[in-house]
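Pasting protein-v2.cif here (mmCIF, C-alpha atoms):
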```cif
data_coords
loop_
_atom_site.label_atom_id
_atom_site.label_comp_id
_atom_site.auth_asym_id
_atom_site.auth_seq_id
_atom_site.Cartn_x
_atom_site.Cartn_y
_atom_site.Cartn_z
CA MET A 1 11.67 -26.02 -19.52
CA ASN A 2 14.01 -28.88 -18.74
CA LEU A 3 16.50 -27.56 -16.17
CA GLN A 4 18.18 -30.97 -15.90
CA GLN A 5 20.08 -30.22 -19.11
CA LEU A 6 21.38 -26.88 -17.76
CA ASP A 7 24.45 -28.23 -15.93
CA LYS A 8 25.64 -29.87 -19.16
CA GLU A 9 24.97 -26.71 -21.16
CA LEU A 10 26.85 -24.51 -18.67
CA ILE A 11 30.09 -26.48 -19.12
CA ILE A 12 31.03 -24.18 -22.02
CA TYR A 13 31.36 -21.31 -19.51
CA ASN A 14 33.27 -23.17 -16.76
CA ASP A 15 36.71 -21.81 -17.62
CA VAL A 16 35.54 -18.21 -17.39
CA PHE A 17 33.51 -18.93 -14.25
CA LYS A 18 36.80 -20.06 -12.65
CA GLU A 19 38.71 -17.04 -13.90
CA LYS A 20 36.33 -14.10 -13.54
CA LYS A 21 35.50 -12.19 -10.39
CA ILE A 22 32.10 -10.95 -11.47
CA ILE A 23 29.35 -12.57 -13.55
CA PHE A 24 26.71 -10.26 -14.98
CA LEU A 25 23.48 -12.27 -15.33
CA GLY A 26 20.99 -10.44 -17.52
CA GLU A 27 17.32 -10.98 -18.25
CA ASN A 28 15.24 -9.84 -21.19
CA GLY A 29 12.29 -9.10 -18.93
CA HIS A 30 11.84 -8.95 -15.17
CA GLY A 31 8.54 -10.84 -15.01
CA VAL A 32 9.44 -14.17 -16.62
CA PHE A 33 9.04 -17.43 -14.69
CA GLU A 34 11.53 -19.48 -16.71
CA ILE A 35 14.23 -16.79 -16.64
CA GLN A 36 13.94 -16.43 -12.87
CA LYS A 37 14.03 -20.21 -12.44
CA LEU A 38 17.11 -20.49 -14.68
CA LYS A 39 18.93 -17.69 -12.86
CA LEU A 40 18.14 -19.30 -9.51
CA LYS A 41 19.72 -22.52 -10.77
CA MET A 42 22.73 -20.57 -12.03
CA VAL A 43 23.22 -18.82 -8.68
CA GLU A 44 23.32 -22.23 -6.97
CA TYR A 45 25.74 -23.53 -9.63
CA LEU A 46 28.08 -20.54 -9.34
CA HIS A 47 27.98 -20.66 -5.54
CA GLU A 48 28.52 -24.40 -5.16
CA GLN A 49 31.02 -24.96 -7.99
CA PHE A 50 32.99 -21.71 -8.10
CA GLY A 51 32.60 -19.98 -4.73
CA PHE A 52 30.49 -16.96 -5.72
CA ASN A 53 29.02 -15.76 -2.43
CA LYS A 54 27.54 -12.34 -3.11
CA ILE A 55 24.47 -11.45 -5.19
CA VAL A 56 24.15 -7.82 -6.25
CA PHE A 57 20.68 -6.80 -7.40
CA GLU A 58 19.38 -3.97 -9.54
CA GLY A 59 17.72 -2.86 -6.30
CA GLY A 60 17.93 -0.26 -3.54
CA MET A 61 21.23 -0.07 -1.70
CA GLY A 62 19.85 0.82 1.72
CA GLU A 63 16.76 -1.37 1.50
CA ILE A 64 18.71 -4.53 0.68
CA ALA A 65 21.52 -3.80 3.16
CA ILE A 66 19.07 -3.41 6.05
CA ALA A 67 17.01 -6.46 5.04
CA ASN A 68 20.15 -8.58 4.64
CA HIS A 69 21.39 -7.43 8.06
CA ASN A 70 18.10 -8.67 9.58
CA LYS A 71 17.58 -11.70 7.34
CA HIS A 72 17.69 -14.26 10.14
CA GLN A 73 15.05 -12.35 12.12
CA LEU A 74 12.74 -11.92 9.12
CA SER A 75 10.47 -14.43 7.41
CA THR A 76 11.65 -15.25 3.90
CA LYS A 77 8.67 -13.36 2.48
CA SER A 78 9.50 -10.23 4.49
CA PHE A 79 13.17 -10.52 3.56
CA LEU A 80 12.24 -10.55 -0.12
CA MET A 81 9.58 -7.82 0.09
CA ASP A 82 11.84 -5.49 2.10
CA SER A 83 14.73 -6.04 -0.33
CA LEU A 84 13.35 -5.82 -3.85
CA PRO A 85 10.76 -3.88 -5.87
CA GLU A 86 7.35 -5.42 -6.46
CA VAL A 87 8.17 -6.77 -9.93
CA TRP A 88 10.40 -9.37 -8.23
CA HIS A 89 7.93 -10.36 -5.50
CA THR A 90 7.58 -13.80 -7.08
CA LYS A 91 7.62 -17.41 -5.93
CA GLU A 92 10.89 -17.98 -7.79
CA LEU A 93 12.65 -15.12 -6.00
CA LEU A 94 11.14 -16.32 -2.72
CA GLU A 95 12.97 -19.58 -3.29
CA LEU A 96 16.20 -17.68 -3.98
CA PHE A 97 15.88 -15.61 -0.80
CA LYS A 98 15.34 -18.77 1.21
CA ILE A 99 18.67 -20.00 -0.16
CA ILE A 100 20.33 -16.67 0.75
CA GLN A 101 19.03 -17.06 4.31
CA ASN A 102 20.29 -20.61 4.69
CA ARG A 103 23.69 -20.50 2.98
CA GLU A 104 26.82 -18.37 3.02
CA LEU A 105 25.30 -15.92 0.54
CA THR A 106 24.86 -12.18 0.98
CA ALA A 107 22.52 -9.86 -0.92
CA PHE A 108 23.44 -6.29 -1.88
CA GLY A 109 21.79 -3.51 -3.86
CA ILE A 110 23.36 -0.83 -6.06
CA ASP A 111 20.37 1.07 -7.47
CA ILE A 112 19.49 4.69 -6.75
CA GLN A 113 15.76 4.47 -7.49
CA TYR A 114 13.02 4.70 -4.86
CA GLN A 115 11.93 1.11 -4.43
CA ASN A 116 9.62 0.51 -1.47
CA HIS A 117 8.88 1.76 2.05
CA SER A 118 11.36 -0.45 3.92
CA LEU A 119 14.11 2.19 4.22
CA HIS A 120 11.59 4.64 5.68
CA ASN A 121 10.16 1.99 8.02
CA TYR A 122 13.62 1.28 9.42
CA ILE A 123 14.93 4.84 9.77
CA PHE A 124 11.74 6.55 10.98
CA PRO A 125 11.66 4.96 14.49
CA ILE A 126 15.38 5.75 14.93
CA LEU A 127 14.78 9.42 14.18
CA ASP A 128 11.54 9.49 16.17
CA LYS A 129 13.33 8.38 19.33
CA TYR A 130 15.50 11.50 19.28
CA ASN A 131 13.71 14.10 17.16
CA HIS A 132 9.98 13.69 16.50
CA GLY A 133 9.80 16.65 14.13
CA LEU A 134 12.66 15.46 11.96
CA ALA A 135 11.12 11.98 11.84
CA ASN A 136 7.84 13.41 10.56
CA ASP A 137 9.64 15.57 8.00
CA PHE A 138 11.53 12.49 6.80
CA SER A 139 8.29 10.56 6.48
CA ASP A 140 6.74 13.38 4.44
CA ALA A 141 9.81 13.57 2.19
CA GLU A 142 9.71 9.83 1.51
CA LYS A 143 6.02 9.99 0.56
CA THR A 144 6.72 12.89 -1.81
CA VAL A 145 9.64 11.14 -3.52
CA ASP A 146 7.59 7.96 -3.86
CA THR A 147 4.75 9.89 -5.52
CA ILE A 148 6.97 11.85 -7.88
CA THR A 149 9.16 8.97 -9.05
CA ALA A 150 6.15 6.64 -9.49
CA ARG A 151 4.64 8.99 -12.07
CA THR A 152 7.35 9.18 -14.71
CA PHE A 153 9.28 11.93 -13.02
CA MET A 154 7.00 14.92 -12.51
CA ARG A 155 9.64 17.56 -13.22
CA LYS A 156 7.46 20.56 -12.37
CA LYS A 157 6.51 18.99 -9.04
CA MET A 158 10.16 18.22 -8.30
CA LEU A 159 11.24 21.76 -9.17
CA SER A 160 8.78 23.17 -6.63
CA THR A 161 9.73 20.78 -3.81
CA LYS A 162 13.41 19.95 -4.35
CA LYS A 163 14.81 22.66 -2.09
CA ARG A 164 12.64 21.53 0.83
CA LEU A 165 13.42 17.84 0.23
CA ASP A 166 17.17 18.53 -0.03
CA LEU A 167 17.03 20.31 3.30
CA ILE A 168 15.18 17.44 5.00
CA TYR A 169 17.48 14.72 3.67
CA GLY A 170 20.51 16.85 4.51
CA ARG A 171 19.33 17.15 8.11
CA VAL A 172 18.65 13.40 8.31
CA TYR A 173 22.11 12.64 6.95
CA ALA A 174 23.77 15.04 9.39
CA PHE A 175 21.82 13.62 12.34
CA LEU A 176 22.63 9.99 11.48
CA THR A 177 26.30 10.92 11.00
CA ASP A 178 26.54 12.77 14.32
CA MET A 179 24.66 10.04 16.24
CA LYS A 180 26.36 7.12 14.50
CA GLN A 181 27.97 5.40 17.49
CA GLU A 182 24.93 5.74 19.75
CA VAL A 183 22.47 4.60 17.09
CA MET A 184 24.66 1.64 16.11
CA LEU A 185 24.88 0.56 19.74
CA ASN A 186 21.21 1.03 20.61
CA HIS A 187 19.86 -0.56 17.43
CA VAL A 188 22.55 -3.26 17.00
CA ILE A 189 23.61 -2.12 13.52
CA ASP A 190 27.03 -3.08 12.21
CA GLU A 191 29.36 -0.54 10.61
CA ALA A 192 28.90 -1.75 7.02
CA THR A 193 25.08 -1.67 7.18
CA TYR A 194 25.14 1.78 8.76
CA MET A 195 27.33 3.13 5.96
CA PHE A 196 24.99 1.66 3.36
CA MET A 197 22.11 3.39 5.17
CA LEU A 198 23.91 6.73 5.06
CA ARG A 199 24.72 6.23 1.38
CA ALA A 200 21.02 5.52 0.77
CA ILE A 201 20.16 8.96 2.17
CA GLU A 202 22.80 10.50 -0.10
CA ASN A 203 21.20 8.60 -2.96
CA ARG A 204 17.84 10.22 -2.21
CA MET A 205 19.44 13.62 -2.78
CA ASN A 206 21.09 12.35 -5.97
CA LEU A 207 17.74 10.99 -7.12
CA LEU A 208 16.16 14.43 -6.72
CA GLU A 209 18.70 15.75 -9.23
CA LEU A 210 18.02 12.92 -11.66
CA CYS A 211 14.27 13.56 -11.55
CA LEU A 212 14.87 16.99 -13.13
CA MET A 213 16.40 15.33 -16.21
CA ASN A 214 14.80 13.81 -19.29
CA PHE A 215 14.48 10.03 -19.24
CA ASN A 216 17.59 9.36 -21.35
CA MET A 217 19.82 11.39 -19.04
CA TYR A 218 18.07 9.95 -15.99
CA SER A 219 18.92 6.44 -17.27
CA TYR A 220 22.55 7.38 -18.01
CA TYR A 221 23.18 8.76 -14.52
CA ARG A 222 21.20 6.03 -12.80
CA ASP A 223 23.56 3.44 -14.30
CA LYS A 224 26.60 5.62 -13.62
CA TYR A 225 25.66 5.67 -9.93
CA MET A 226 25.14 1.89 -10.00
CA PHE A 227 28.65 1.51 -11.42
CA GLU A 228 30.12 3.75 -8.72
CA HIS A 229 28.33 1.76 -6.02
CA LEU A 230 29.68 -1.47 -7.49
CA SER A 231 33.20 -0.64 -8.60
CA ASN A 232 35.02 -0.19 -5.30
CA LYS A 233 33.45 -2.97 -3.26
CA TRP A 234 34.58 -6.48 -2.31
CA PRO A 235 38.00 -6.48 -4.03
CA GLU A 236 38.73 -10.09 -3.04
CA GLU A 237 35.22 -11.50 -3.46
CA LYS A 238 33.40 -13.19 -6.35
CA PHE A 239 29.92 -11.91 -7.00
CA ILE A 240 26.91 -12.15 -9.31
CA ILE A 241 25.02 -9.19 -10.75
CA TRP A 242 21.26 -9.78 -11.19
CA ALA A 243 19.91 -7.15 -13.60
CA HIS A 244 18.18 -6.51 -16.93
CA ASN A 245 20.07 -7.15 -20.18
CA TYR A 246 20.04 -3.39 -20.76
CA HIS A 247 22.10 -2.79 -17.61
CA ILE A 248 24.69 -5.52 -18.21
CA ARG A 249 25.60 -4.79 -21.85
CA LYS A 250 29.26 -3.97 -22.51
CA ASN A 251 28.54 -1.40 -25.24
CA ASN A 252 24.90 -0.43 -24.99
CA SER A 253 25.67 3.02 -26.42
CA LEU A 254 26.64 1.35 -29.72
CA SER A 255 23.28 -0.38 -30.08
CA GLN A 256 20.41 1.13 -32.09
CA GLY A 257 17.01 1.45 -30.49
CA TRP A 258 15.11 3.04 -27.67
CA LEU A 259 17.36 4.02 -24.75
CA ASN A 260 20.88 3.46 -26.03
CA GLU A 261 22.69 5.36 -23.29
CA LYS A 262 25.79 4.02 -21.58
CA SER A 263 24.76 1.51 -18.93
CA LEU A 264 26.30 -0.24 -15.93
CA GLY A 265 28.01 -2.99 -17.95
CA GLU A 266 29.63 -0.47 -20.28
CA PHE A 267 30.92 1.71 -17.46
CA TYR A 268 32.32 -1.40 -15.78
CA SER A 269 33.94 -2.87 -18.92
CA GLU A 270 35.70 0.39 -19.70
CA ARG A 271 37.60 0.23 -16.43
CA TYR A 272 37.89 -3.47 -15.55
CA ASN A 273 38.51 -6.75 -17.39
CA ASN A 274 37.48 -9.17 -14.63
CA SER A 275 33.83 -9.66 -15.62
CA TYR A 276 31.75 -11.96 -17.84
CA HIS A 277 28.48 -10.71 -19.32
CA LEU A 278 25.69 -13.22 -20.02
CA GLY A 279 22.52 -12.01 -21.71
CA ILE A 280 19.35 -14.09 -21.36
CA TYR A 281 16.72 -14.15 -24.11
CA MET A 282 13.33 -15.71 -24.78
CA LYS A 283 11.93 -17.03 -28.07
CA GLU A 284 8.17 -17.28 -27.61
CA GLY A 285 5.32 -17.36 -25.11
CA SER A 286 4.25 -14.67 -22.65
CA ALA A 287 5.71 -12.63 -19.80
CA ALA A 288 4.57 -10.11 -17.17
CA ASN A 289 5.41 -6.42 -17.31
CA ASN A 290 6.73 -4.43 -14.34
CA LYS A 291 3.18 -4.08 -13.00
CA GLY A 292 2.48 -7.81 -13.27
CA LYS A 293 0.23 -7.61 -16.34
CA PRO A 294 0.73 -10.50 -18.83
CA TYR A 295 1.66 -9.81 -22.45
CA ASN A 296 2.68 -11.92 -25.47
CA ILE A 297 6.20 -12.12 -26.86
CA LYS A 298 6.21 -10.76 -30.42
CA SER A 299 7.47 -12.79 -33.37
CA HIS A 300 11.09 -12.37 -34.44
CA SER A 301 12.50 -11.41 -37.82
CA LYS A 302 14.55 -13.95 -39.78
CA ASN A 303 17.83 -12.16 -39.07
CA SER A 304 17.32 -11.89 -35.32
CA LEU A 305 19.40 -12.88 -32.34
CA GLU A 306 16.55 -15.08 -31.08
CA ASN A 307 16.10 -16.98 -34.36
CA HIS A 308 19.83 -17.52 -34.84
CA LEU A 309 20.17 -18.76 -31.27
CA PHE A 310 17.52 -21.45 -31.68
CA SER A 311 18.38 -22.48 -35.25
CA THR A 312 20.87 -25.20 -34.27
CA ASN A 313 18.64 -27.57 -32.25
CA ASN A 314 15.27 -27.94 -30.55
CA HIS A 315 16.45 -27.81 -26.93
CA ASP A 316 14.47 -25.84 -24.34
CA ILE A 317 17.65 -24.04 -23.28
CA ILE A 318 20.51 -22.92 -25.53
CA CYS A 319 23.87 -21.68 -24.21
CA GLU A 320 26.15 -19.82 -26.62
CA SER A 321 29.65 -18.47 -26.03
CA PHE A 322 30.96 -15.64 -28.20
CA LYS A 323 34.68 -16.35 -27.79
CA ASN A 324 35.07 -17.37 -31.45
CA LYS A 325 35.97 -14.23 -33.42
CA ASP A 326 35.34 -15.91 -36.79
CA PRO A 327 33.74 -13.17 -38.93
CA HIS A 328 31.34 -15.75 -40.40
CA LYS A 329 29.72 -16.43 -37.02
CA TRP A 330 26.23 -14.91 -36.78
CA TYR A 331 26.89 -13.26 -33.43
CA ASN A 332 29.73 -11.17 -34.87
CA HIS A 333 27.28 -9.39 -37.17
CA GLU A 334 24.46 -6.96 -36.51
CA GLN A 335 21.24 -8.65 -35.42
CA THR A 336 17.80 -7.50 -34.36
CA GLU A 337 16.61 -8.45 -30.89
CA ARG A 338 13.40 -7.75 -29.03
CA GLU A 339 13.82 -5.85 -25.76
CA ALA A 340 11.53 -7.51 -23.20
CA GLY A 341 10.24 -9.59 -26.12
CA VAL A 342 8.58 -6.50 -27.66
CA ASP A 343 10.68 -3.51 -28.79
CA LYS A 344 13.20 -4.01 -31.59
CA ARG A 345 16.86 -3.11 -31.11
CA LYS A 346 19.84 -3.60 -33.42
CA LEU A 347 23.16 -4.72 -31.98
CA ILE A 348 26.17 -6.94 -32.58
CA PRO A 349 25.74 -9.68 -29.93
CA SER A 350 29.48 -10.30 -29.36
CA GLN A 351 30.00 -6.55 -28.90
CA GLN A 352 27.44 -6.51 -26.08
CA TYR A 353 27.87 -9.86 -24.32
CA ASP A 354 30.45 -12.59 -23.79
CA GLY A 355 27.68 -15.13 -24.30
CA VAL A 356 23.92 -15.57 -24.20
CA ILE A 357 21.44 -18.12 -22.92
CA GLY A 358 18.15 -18.63 -24.73
CA ILE A 359 14.92 -20.08 -23.36
CA ARG A 360 12.56 -21.35 -26.03
CA HIS A 361 9.16 -20.91 -24.35
CA VAL A 362 8.34 -18.63 -21.41
CA THR A 363 5.41 -17.80 -19.12
CA PRO A 364 4.70 -14.95 -16.66
CA ALA A 365 6.38 -15.05 -13.26
CA LYS A 366 4.19 -16.27 -10.40
CA ASP A 367 3.78 -13.51 -7.84
CA ILE A 368 3.68 -14.33 -4.14
CA TYR A 369 0.27 -12.69 -3.67
CA ALA A 370 -1.54 -15.11 -5.99
#
```

Represent the structure of the file as structure tokens.
Amino acid sequence: MNLQQLDKELIIYNDVFKEKKIIFLGENGHGVFEIQKLKLKMVEYLHEQFGFNKIVFEGGMGEIAIANHNKHQLSTKSFLMDSLPEVWHTKELLELFKIIQNRELTAFGIDIQYQNHSLHNYIFPILDKYNHGLANDFSDAEKTVDTITARTFMRKKMLSTKKRLDLIYGRVYAFLTDMKQEVMLNHVIDEATYMFMLRAIENRMNLLELCLMNFNMYSYYRDKYMFEHLSNKWPEEKFIIWAHNYHIRKNNSLSQGWLNEKSLGEFYSERYNNSYHLGIYMKEGSAANNKGKPYNIKSHSKNSLENHLFSTNNHDIICESFKNKDPHKWYNHEQTEREAGVDKRKLIPSQQYDGVIGIRHVTPAKDIYA
């Protein structure tokens, strides 16, 4: 992939990059080297040319807030691992987090899902200093939630344990609220980070409710919570959303395919008009799934978003804007696309995005453990 051509390609978006407060940057799969590399380049471009200084990830609110608060005391690898789920523990994201450490960039999270052990590892010693029993109960609750949510939402298990978990998280929340000033002083935590930490405990209790739902309803409310976490923050700031194409679509509920619930981008677009939504797609090659296992991108039908996107030239990277409402344009008609390069979905591209970027050939992301 020739990234040297990207700056020239991105010129078609410059007017909206100047105008909009929020840029939704999608990805058609989390474990794709070229997509991560392209998005890294775009973050630098948006930061340097247009003053975007906040990156909001499809990641845990408390985990990222705490890691960002301590980013100058952490190694870049620890900063990344404490912030994001394992699917993004890659060399490309390591490079991005080095940039976040060294520039005027701040990372945030808006997701409700259990992500890793970093929230537990930060809160446990705080609780243990004052109340050893509560600390141990919190540790047990975190292990239980991790186990349940890692196994496709074991509803029967959650039904039998929810009352106990609610009680534990309620006690933790009450304790951290009552001891706020003392804990902030003793552990050198600023007000904003502390409030994110409290909200993360609230999110655990919300997550318990979601785990009693079927997957469609779980997905709907997960994105609704992400929207709520996003919508009232940083009114004067410009920020970038780093998430899957599914989450950034403006009308996902109008698409046809697996999981067509309302998502973050749709909730946001219904209320605000200050955002620009860029989907990112791949034509061919291979990627890694959320567990790091490689798989091949399936072939595309003739009337597909991917084939239309790459029909005009043989460039490695194609940037397309959907501002032209000409009914003869391909993107104003229903197309088939492959979710994560595999599952077919029908949608009207201009109904879902303001533009898309295509990458012709992709390979699996390179994890930091290799």

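Here atom CA of A:His30 is placed at a distance of 19.6 Å from atom CA of A:Ile100.
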
Target residues per the PyMOL selection byres ((chain A and resi 275-281) around 7), formatted as a list in words: Lys20, Lys21, Ile22, Ile23, Phe24, Leu25, Gly26, Glu27, Asn28, Asn245, Ile248, Asn273, Asn274, Met282, Lys283, Tyr353, Asp354, Gly355, Val356, Ile357, Gly358 and Ile359 of chain A

Taking all atoms listed in the file into account, produce a table as a Markdown table in which each residue of stretch 92-193 of chain A with an atom at most 7 Å from an atom of stretch 59-64 of chain A appears once, together with its shortest atom pair and the distance in Å to one decimal, ordered by chain and rising number.
```
| residue | atom | partner | partner_atom | distance |
| --- | --- | --- | --- | --- |
| A:Ala107 | CA | A:Ile64 | CA | 6.7 |
| A:Phe108 | CA | A:Ile64 | CA | 5.7 |
| A:Gly109 | CA | A:Met61 | CA | 4.1 |
| A:Ile110 | CA | A:Met61 | CA | 4.9 |
| A:Asp111 | CA | A:Gly60 | CA | 4.8 |
| A:Ile112 | CA | A:Gly60 | CA | 6.1 |
| A:Gln113 | CA | A:Gly60 | CA | 6.5 |
| A:Gln115 | CA | A:Gly60 | CA | 6.2 |
| A:Ser118 | CA | A:Glu63 | CA | 6.0 |
| A:Leu119 | CA | A:Glu63 | CA | 5.2 |
```

Rank A:His47, A:Lys302, A:Lys323, A:His120 by their smallest atom-to-atom distance to A:Thr336, using all atoms listed in the file, and report the top residue only.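 Selected residue with least distance to A:Thr336: A:Lys302.
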
Expansion of the PyMOL selection byres ((chain A and resi 96) around 12) into residues, as a ChimeraX atom specification: /A:36-44,55,76-77,79-80,88-95,97-103,105-107,242

Tell me, in Å to one decimal, how far atom CA of A:Ala174 is from atom CA of A:Glu202.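 It comes out at 10.6 Å.
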
If you count only C-alpha atoms, which residues fall within 10 Å of stretch 8-14 of chain A, apart from same-chain ones fewer than 2 positions away, as JSON, numbers by chain? {"A": [3, 4, 5, 6, 16, 17, 18, 19, 42, 45, 46, 49, 50, 276, 278, 317, 318, 319, 320, 321, 354, 355, 357]}

Explicit residue set for the PyMOL selection byres ((chain A and resi 134-136) around 8), as a compact mmCIF listing (two decimals) with C-alpha atoms, keeping the file's coordinate frame:
```txt
# COMPACT_ATOMS: atom_id res chain seq x y z
CA PHE A 124 11.74 6.55 10.98
CA PRO A 125 11.66 4.96 14.49
CA LEU A 127 14.78 9.42 14.18
CA ASP A 128 11.54 9.49 16.17
CA ASN A 131 13.71 14.10 17.16
CA HIS A 132 9.98 13.69 16.50
CA GLY A 133 9.80 16.65 14.13
CA ASP A 137 9.64 15.57 8.00
CA PHE A 138 11.53 12.49 6.80
CA SER A 139 8.29 10.56 6.48
CA ASP A 140 6.74 13.38 4.44
CA ILE A 168 15.18 17.44 5.00
CA ARG A 171 19.33 17.15 8.11
CA VAL A 172 18.65 13.40 8.31
```

Rounded to one decimal place, report the atom CA of A:Trp330-atom CA of A:Tyr220 distance in Å. 29.4 Å

List as number ranges by chain the protein and nucleic acid residues near stretch 332-335 of chain A, meaning an atom at most 6 Å away when all atoms listed in the file are counted, but skip any in the same chain fewer than 5 places from it. A: 304-305, 346-348, 350

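Nearest residue to A:Asn296 among A:Ala67, A:Val32, A:Leu165, A:Ala200 is A:Val32, counting all atoms listed in the file.
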
Tell me which of A:Gly29, A:Phe239, A:Val145, A:Ser78 sits closest to A:Glu339, counting only C-alpha atoms. A:Gly29

As a list of chain:residue names, please: the residues near A:Pro364 (cut-off 9 Å, only C-alpha atoms, same-chain neighbours under 4 positions excluded).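 Non-adjacent residues within range: A:Gly31, A:Val32, A:Phe33, A:Glu34, A:Gly285, A:Ser286, A:Ala287, A:Ala288, A:Asn289, A:Gly292, A:Lys293, A:Pro294, A:Tyr295.
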
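For the choices A:Pro327, A:Gly257, A:Pro85, A:Gly341, the atom-to-atom distance to A:Lys298 is smallest for A:Gly341 when using all atoms listed in the file.
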
Once you add 6 Å to each side, what are the centre and edge lengths of the axis-aligned box holding all listed atoms of stretch 354-368 of chain A? One decimal in Å, as lines of an AutoDock Vina configuration file, if you can.
```
center_x = 17.1
center_y = -17.0
center_z = -15.1
size_x = 38.8
size_y = 20.8
size_z = 33.9
```

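Of the listed residues A:Ile368, A:Ala65, A:Leu230, A:Ile35, the one whose atoms come nearest to A:Ala192 is A:Ala65, with distances taken using only C-alpha atoms.
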
For A:Arg360, which of A:Asp343, A:Glu284, A:Asp326, A:Glu266 is the closest residue, counting all atoms listed in the file? A:Glu284

Spatial sel., origin (17.7, 1.9, -33.5), limit 8 Å, all atoms listed in the file, listed as a list of chain:residue names: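 These residues have at least one counted atom within 8 Å: A:Ser255, A:Gln256, A:Gly257, A:Trp258, A:Lys344, A:Arg345, A:Lys346.
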
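The shell of residues at most 9 Å from A:Leu254, with only C-alpha atoms counted and near chain neighbours (fewer than 3 positions) removed, consists of A:Asn251, A:Asn260, A:Glu261, A:Lys262, A:Leu347, A:Ile348, A:Gln351, A:Gln352.
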